[in-house]
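The structure appears right after this line, and notes come after that.
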Amino acid sequence: MPRDLISRYVWIVDTLNRYGKLSRRQLSDLWMRSSFSDGEPIPERTFFHYRRAIEENFHIDINCTRDGLYYIDQDTTRRNRTFTNWLLDSFAVNNALKDARHTEGCIEVEDVPSAREFLPTVLEAIGNNRKLTFTYAGFSRSRPERDISFCPYFVKRYKQRWYMIGRKDGARDKSDAIRTYALDRVQEMKIGTDSFRRPSDFNPAEYFEHIVGVTQSKGAVRTVCLRATYQQAKYLRALPLHPSQQEEMHDSFSVFTYRLKLNYELVHEILSYGSSLTVLAPRELCVMVNEELRKTLENYN
């Protein structure tokens with residue numbers, strides 16, 4: 001599907017979300033002021049095709065009232081997968097920036113170079129079930145590892161970095177075969193001619209279900225309890241640390257509970273909140289955070 005066509009679909013969804021309900025004429029008036037129009041309204045037949053494509057591709061229904069007002073069915077929106085919502089958000093921002101022609105120099109964003117250079121290649125390999133061959137300069141190695149043969153299963157973005165997760169050929173045992181590679185550490189990459197089949201029982205959502213970040217853990221899932229100050233609790237409500245987040249509110253603080261495996265990213269995520277977040281349980285996580293703090297303080301003695 002052409003990228004510009006997707007952008008048109010997203011513009012319609014985003015516009016209806018922002019305005020609530022619009023008639024065909026009101027929608028056309030807004031369309032004529034967008035970057036997709038040369039001053040012409042949306043033909044009725046074209047709008048019909050766009051509406052149907054939105055339902056088929058994004059699983060979002062555009063309903064119409066008896067008064068001829070179009071609106072987004074919020075029940076279907078809530079059932080959407082996270083990926084669909086992210087895709088819509090990404091295109092909506094892109095459309096907004098295209099329409100805001102006079103904002104150049106007024107917007108600061110974080111750069112994600114790996115998305116431009118290698119992400120399209122990885123996505124192509126995933127879509128066609130083709131193996132990748134690449135060179136990887138991991139931070140833990142003194143020299144780059146060359147000619148890695150890899151079956152990419154899926155990708156994940158975490159803290160402005162893209163990662164690919166899949167099976168590395170030649171691993172010593174099956175449990176060690178699933179690897180995660182950061183795309184910004186890849187130096188060379190090409191799609192091979194050999195194909196692969198992703199295991200039917202390998203589910204990306206389940207793989208990271210109890211994980212913060214991208215570092216997998218072989219440990220058991222633990223109940224993690226964090227005490228947040230009254231002010232910090234507001235931020236965690238707006239942007240949860242993990243989908244399993246549950247909150248117990250008190251007068252001057254909140255206790256947030258999660259079901260997680262303990263890993264490197266979880267410790268450093270907690271430390272990033274400073275004194276506004278305190279680990280209550282499990283004891284093992286308290287020790288991990290305390291040890292990291294002790295090593296940090298040693299740097300300043």
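Letters A, B, ... mark the chains of the structure tokens in the order given; residue numbers begin at 1 per chain; ligand numbers begin at 1, in order shown.
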> range 98-260 of chain A: which residues are strand (DSSP E or B) by DSSP, as an MDAnalysis selection string?
Replying inline: chainID A and resid 130:136 145:158 161:168 178:182 186:195 222:229 246:249 253:260
>> Applying 9 Å and only C-alpha atoms, which residues near Asp194 in chain A remain after dropping the ones on its own chain fewer than 6 positions away? List them as a PyMOL selection string.
In response: chain A and resi 129-132
>> Report as a VMD selection string all protein, DNA and RNA residues lying within 8 Å of Tyr136 in chain A, evaluated on only C-alpha atoms, omitting residues in the same chain fewer than 6 positions from it.
In response: chain A and resid 144 to 146 148 185 to 188
For Ser272 in chain A, list every protein, DNA or RNA residue within 12 Å, evaluated using only C-alpha atoms, and leave out those in the same chain fewer than 5 positions away; present the list as a PDB file with all heavy atoms, in the first residue's frame.
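Final file, part21.pdb:
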ATOM      1  N   GLN A 232       5.053  12.191  41.705  1.00  0.00           N
ATOM      2  CA  GLN A 232       5.531  11.205  40.731  1.00  0.00           C
ATOM      3  C   GLN A 232       4.422  10.256  40.300  1.00  0.00           C
ATOM      4  O   GLN A 232       4.401   9.781  39.161  1.00  0.00           O
ATOM      5  CB  GLN A 232       6.699  10.411  41.327  1.00  0.00           C
ATOM      6  CG  GLN A 232       7.366   9.445  40.356  1.00  0.00           C
ATOM      7  CD  GLN A 232       7.920  10.156  39.145  1.00  0.00           C
ATOM      8  OE1 GLN A 232       8.731  11.061  39.276  1.00  0.00           O
ATOM      9  NE2 GLN A 232       7.469   9.774  37.960  1.00  0.00           N
ATOM     10  N   LEU A 241       4.705   2.453  33.804  1.00  0.00           N
ATOM     11  CA  LEU A 241       6.012   1.811  33.660  1.00  0.00           C
ATOM     12  C   LEU A 241       5.893   0.499  32.894  1.00  0.00           C
ATOM     13  O   LEU A 241       6.801   0.100  32.163  1.00  0.00           O
ATOM     14  CB  LEU A 241       6.618   1.572  35.049  1.00  0.00           C
ATOM     15  CG  LEU A 241       7.995   0.933  35.144  1.00  0.00           C
ATOM     16  CD1 LEU A 241       9.044   1.855  34.536  1.00  0.00           C
ATOM     17  CD2 LEU A 241       8.334   0.620  36.594  1.00  0.00           C
ATOM     18  N   GLU A 265      17.385  -3.384  32.767  1.00  0.00           N
ATOM     19  CA  GLU A 265      16.612  -2.184  32.427  1.00  0.00           C
ATOM     20  C   GLU A 265      15.660  -1.776  33.537  1.00  0.00           C
ATOM     21  O   GLU A 265      15.435  -0.579  33.765  1.00  0.00           O
ATOM     22  CB  GLU A 265      15.811  -2.405  31.129  1.00  0.00           C
ATOM     23  CG  GLU A 265      16.632  -2.274  29.866  1.00  0.00           C
ATOM     24  CD  GLU A 265      17.098  -3.613  29.348  1.00  0.00           C
ATOM     25  OE1 GLU A 265      17.009  -4.609  30.104  1.00  0.00           O
ATOM     26  OE2 GLU A 265      17.539  -3.683  28.198  1.00  0.00           O
ATOM     27  N   LEU A 266      15.082  -2.747  34.235  1.00  0.00           N
ATOM     28  CA  LEU A 266      14.163  -2.419  35.327  1.00  0.00           C
ATOM     29  C   LEU A 266      14.888  -1.649  36.425  1.00  0.00           C
ATOM     30  O   LEU A 266      14.383  -0.633  36.922  1.00  0.00           O
ATOM     31  CB  LEU A 266      13.547  -3.700  35.899  1.00  0.00           C
ATOM     32  CG  LEU A 266      12.651  -3.513  37.125  1.00  0.00           C
ATOM     33  CD1 LEU A 266      11.483  -2.592  36.806  1.00  0.00           C
ATOM     34  CD2 LEU A 266      12.152  -4.873  37.635  1.00  0.00           C
ATOM     35  N   VAL A 267      16.079  -2.108  36.792  1.00  0.00           N
ATOM     36  CA  VAL A 267      16.864  -1.426  37.830  1.00  0.00           C
ATOM     37  C   VAL A 267      17.166   0.002  37.419  1.00  0.00           C
ATOM     38  O   VAL A 267      16.981   0.951  38.192  1.00  0.00           O
ATOM     39  CB  VAL A 267      18.174  -2.191  38.113  1.00  0.00           C
ATOM     40  CG1 VAL A 267      19.093  -1.374  39.028  1.00  0.00           C
ATOM     41  CG2 VAL A 267      17.870  -3.548  38.746  1.00  0.00           C
ATOM     42  N   LEU A 277      10.903   7.547  43.794  1.00  0.00           N
ATOM     43  CA  LEU A 277      10.434   6.164  43.653  1.00  0.00           C
ATOM     44  C   LEU A 277      11.274   5.259  44.546  1.00  0.00           C
ATOM     45  O   LEU A 277      12.511   5.321  44.524  1.00  0.00           O
ATOM     46  CB  LEU A 277      10.550   5.726  42.195  1.00  0.00           C
ATOM     47  CG  LEU A 277       9.593   4.635  41.702  1.00  0.00           C
ATOM     48  CD1 LEU A 277       8.149   5.086  41.821  1.00  0.00           C
ATOM     49  CD2 LEU A 277       9.908   4.276  40.258  1.00  0.00           C
ATOM     50  N   THR A 278      10.602   4.418  45.350  1.00  0.00           N
ATOM     51  CA  THR A 278      11.281   3.528  46.289  1.00  0.00           C
ATOM     52  C   THR A 278      10.788   2.105  46.102  1.00  0.00           C
ATOM     53  O   THR A 278       9.580   1.865  46.006  1.00  0.00           O
ATOM     54  CB  THR A 278      11.005   3.960  47.747  1.00  0.00           C
ATOM     55  OG1 THR A 278      11.392   5.321  47.917  1.00  0.00           O
ATOM     56  CG2 THR A 278      11.786   3.086  48.723  1.00  0.00           C
ATOM     57  N   VAL A 289      19.061  -2.617  43.325  1.00  0.00           N
ATOM     58  CA  VAL A 289      19.063  -1.158  43.226  1.00  0.00           C
ATOM     59  C   VAL A 289      20.087  -0.561  44.170  1.00  0.00           C
ATOM     60  O   VAL A 289      20.843   0.349  43.809  1.00  0.00           O
ATOM     61  CB  VAL A 289      17.654  -0.599  43.522  1.00  0.00           C
ATOM     62  CG1 VAL A 289      17.691   0.928  43.631  1.00  0.00           C
ATOM     63  CG2 VAL A 289      16.677  -1.023  42.436  1.00  0.00           C
ATOM     64  N   GLU A 292      23.636  -0.998  42.824  1.00  0.00           N
ATOM     65  CA  GLU A 292      23.923  -0.076  41.736  1.00  0.00           C
ATOM     66  C   GLU A 292      24.172   1.332  42.272  1.00  0.00           C
ATOM     67  O   GLU A 292      25.055   2.043  41.785  1.00  0.00           O
ATOM     68  CB  GLU A 292      22.761  -0.068  40.740  1.00  0.00           C
ATOM     69  CG  GLU A 292      23.065   0.581  39.417  1.00  0.00           C
ATOM     70  CD  GLU A 292      24.097  -0.166  38.594  1.00  0.00           C
ATOM     71  OE1 GLU A 292      24.262  -1.389  38.805  1.00  0.00           O
ATOM     72  OE2 GLU A 292      24.751   0.472  37.741  1.00  0.00           O
ATOM     73  N   LEU A 293      23.411   1.719  43.295  1.00  0.00           N
ATOM     74  CA  LEU A 293      23.616   3.025  43.915  1.00  0.00           C
ATOM     75  C   LEU A 293      24.974   3.091  44.620  1.00  0.00           C
ATOM     76  O   LEU A 293      25.674   4.104  44.566  1.00  0.00           O
ATOM     77  CB  LEU A 293      22.501   3.308  44.923  1.00  0.00           C
ATOM     78  CG  LEU A 293      21.162   3.741  44.352  1.00  0.00           C
ATOM     79  CD1 LEU A 293      20.090   3.768  45.444  1.00  0.00           C
ATOM     80  CD2 LEU A 293      21.273   5.128  43.704  1.00  0.00           C
TER      81      LEU A 293
END
> Between CA of Gly219 in chain A and CA of Leu236 in chain A, what is the distance, to one decimal in Å?
Replying inline: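 The value is 25.3 Å.
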> Do you have the CA of Ala281 in chain A-CA of Ala233 in chain A distance handy?
Replying inline: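 Between CA of Ala281 in chain A and CA of Ala233 in chain A the gap works out to 17.4 Å.
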> Using only C-alpha atoms, which of A:Thr215, A:Leu183, A:Gln74, A:Thr15 sits nearest Glu117 in chain A?
Replying inline: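 That would be A:Leu183, the residue with the smallest distance to Glu117 in chain A.
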>> For Ile12 in chain A, find every residue with an atom within 9 Å (counting only C-alpha atoms), except residues of its own chain fewer than 3 positions away, and show them as a VMD selection string.
In response: chain A and resid 7 to 9 15 to 17 27 31 50 to 51 54
Save the residues we just selected, N, CA and C atoms, as a PDB file, in the first residue's frame?
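Result file again.pdb:
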ATOM      1  N   SER A   7      -1.216   7.779   4.658  1.00  0.00           N
ATOM      2  CA  SER A   7      -1.261   9.088   5.286  1.00  0.00           C
ATOM      3  C   SER A   7      -2.635   9.727   5.132  1.00  0.00           C
ATOM      4  N   ARG A   8      -3.268   9.510   4.000  1.00  0.00           N
ATOM      5  CA  ARG A   8      -4.614  10.053   3.773  1.00  0.00           C
ATOM      6  C   ARG A   8      -5.623   9.386   4.713  1.00  0.00           C
ATOM      7  N   TYR A   9      -5.503   8.072   4.861  1.00  0.00           N
ATOM      8  CA  TYR A   9      -6.394   7.360   5.780  1.00  0.00           C
ATOM      9  C   TYR A   9      -6.225   7.892   7.201  1.00  0.00           C
ATOM     10  N   THR A  15      -8.482  13.457  12.083  1.00  0.00           N
ATOM     11  CA  THR A  15      -9.383  14.614  12.028  1.00  0.00           C
ATOM     12  C   THR A  15     -10.710  14.312  12.722  1.00  0.00           C
ATOM     13  N   LEU A  16     -11.271  13.140  12.483  1.00  0.00           N
ATOM     14  CA  LEU A  16     -12.521  12.768  13.142  1.00  0.00           C
ATOM     15  C   LEU A  16     -12.329  12.594  14.644  1.00  0.00           C
ATOM     16  N   ASN A  17     -11.169  12.083  15.047  1.00  0.00           N
ATOM     17  CA  ASN A  17     -10.890  11.952  16.480  1.00  0.00           C
ATOM     18  C   ASN A  17     -10.815  13.313  17.155  1.00  0.00           C
ATOM     19  N   LEU A  27     -15.859  17.953   6.657  1.00  0.00           N
ATOM     20  CA  LEU A  27     -14.634  17.172   6.453  1.00  0.00           C
ATOM     21  C   LEU A  27     -13.933  17.622   5.171  1.00  0.00           C
ATOM     22  N   TRP A  31     -10.244  19.134   4.594  1.00  0.00           N
ATOM     23  CA  TRP A  31      -9.394  18.450   3.614  1.00  0.00           C
ATOM     24  C   TRP A  31      -8.772  19.444   2.635  1.00  0.00           C
ATOM     25  N   TYR A  50     -11.973   5.339   0.845  1.00  0.00           N
ATOM     26  CA  TYR A  50     -11.085   5.580   1.981  1.00  0.00           C
ATOM     27  C   TYR A  50     -11.690   5.012   3.264  1.00  0.00           C
ATOM     28  N   ARG A  51     -12.967   5.246   3.439  1.00  0.00           N
ATOM     29  CA  ARG A  51     -13.658   4.780   4.651  1.00  0.00           C
ATOM     30  C   ARG A  51     -13.596   3.261   4.758  1.00  0.00           C
ATOM     31  N   ILE A  54     -10.010   2.108   5.588  1.00  0.00           N
ATOM     32  CA  ILE A  54      -9.682   2.342   7.000  1.00  0.00           C
ATOM     33  C   ILE A  54     -10.222   1.204   7.859  1.00  0.00           C
TER      34      ILE A  54
END
>> Give me the residues near Thr223 in chain A as number ranges by chain, where near means some atom within 8 Å (using only C-alpha atoms) and where sequence neighbours in that chain fewer than 2 positions away do not count.
In response: A: 221, 225, 257-260, 281-282
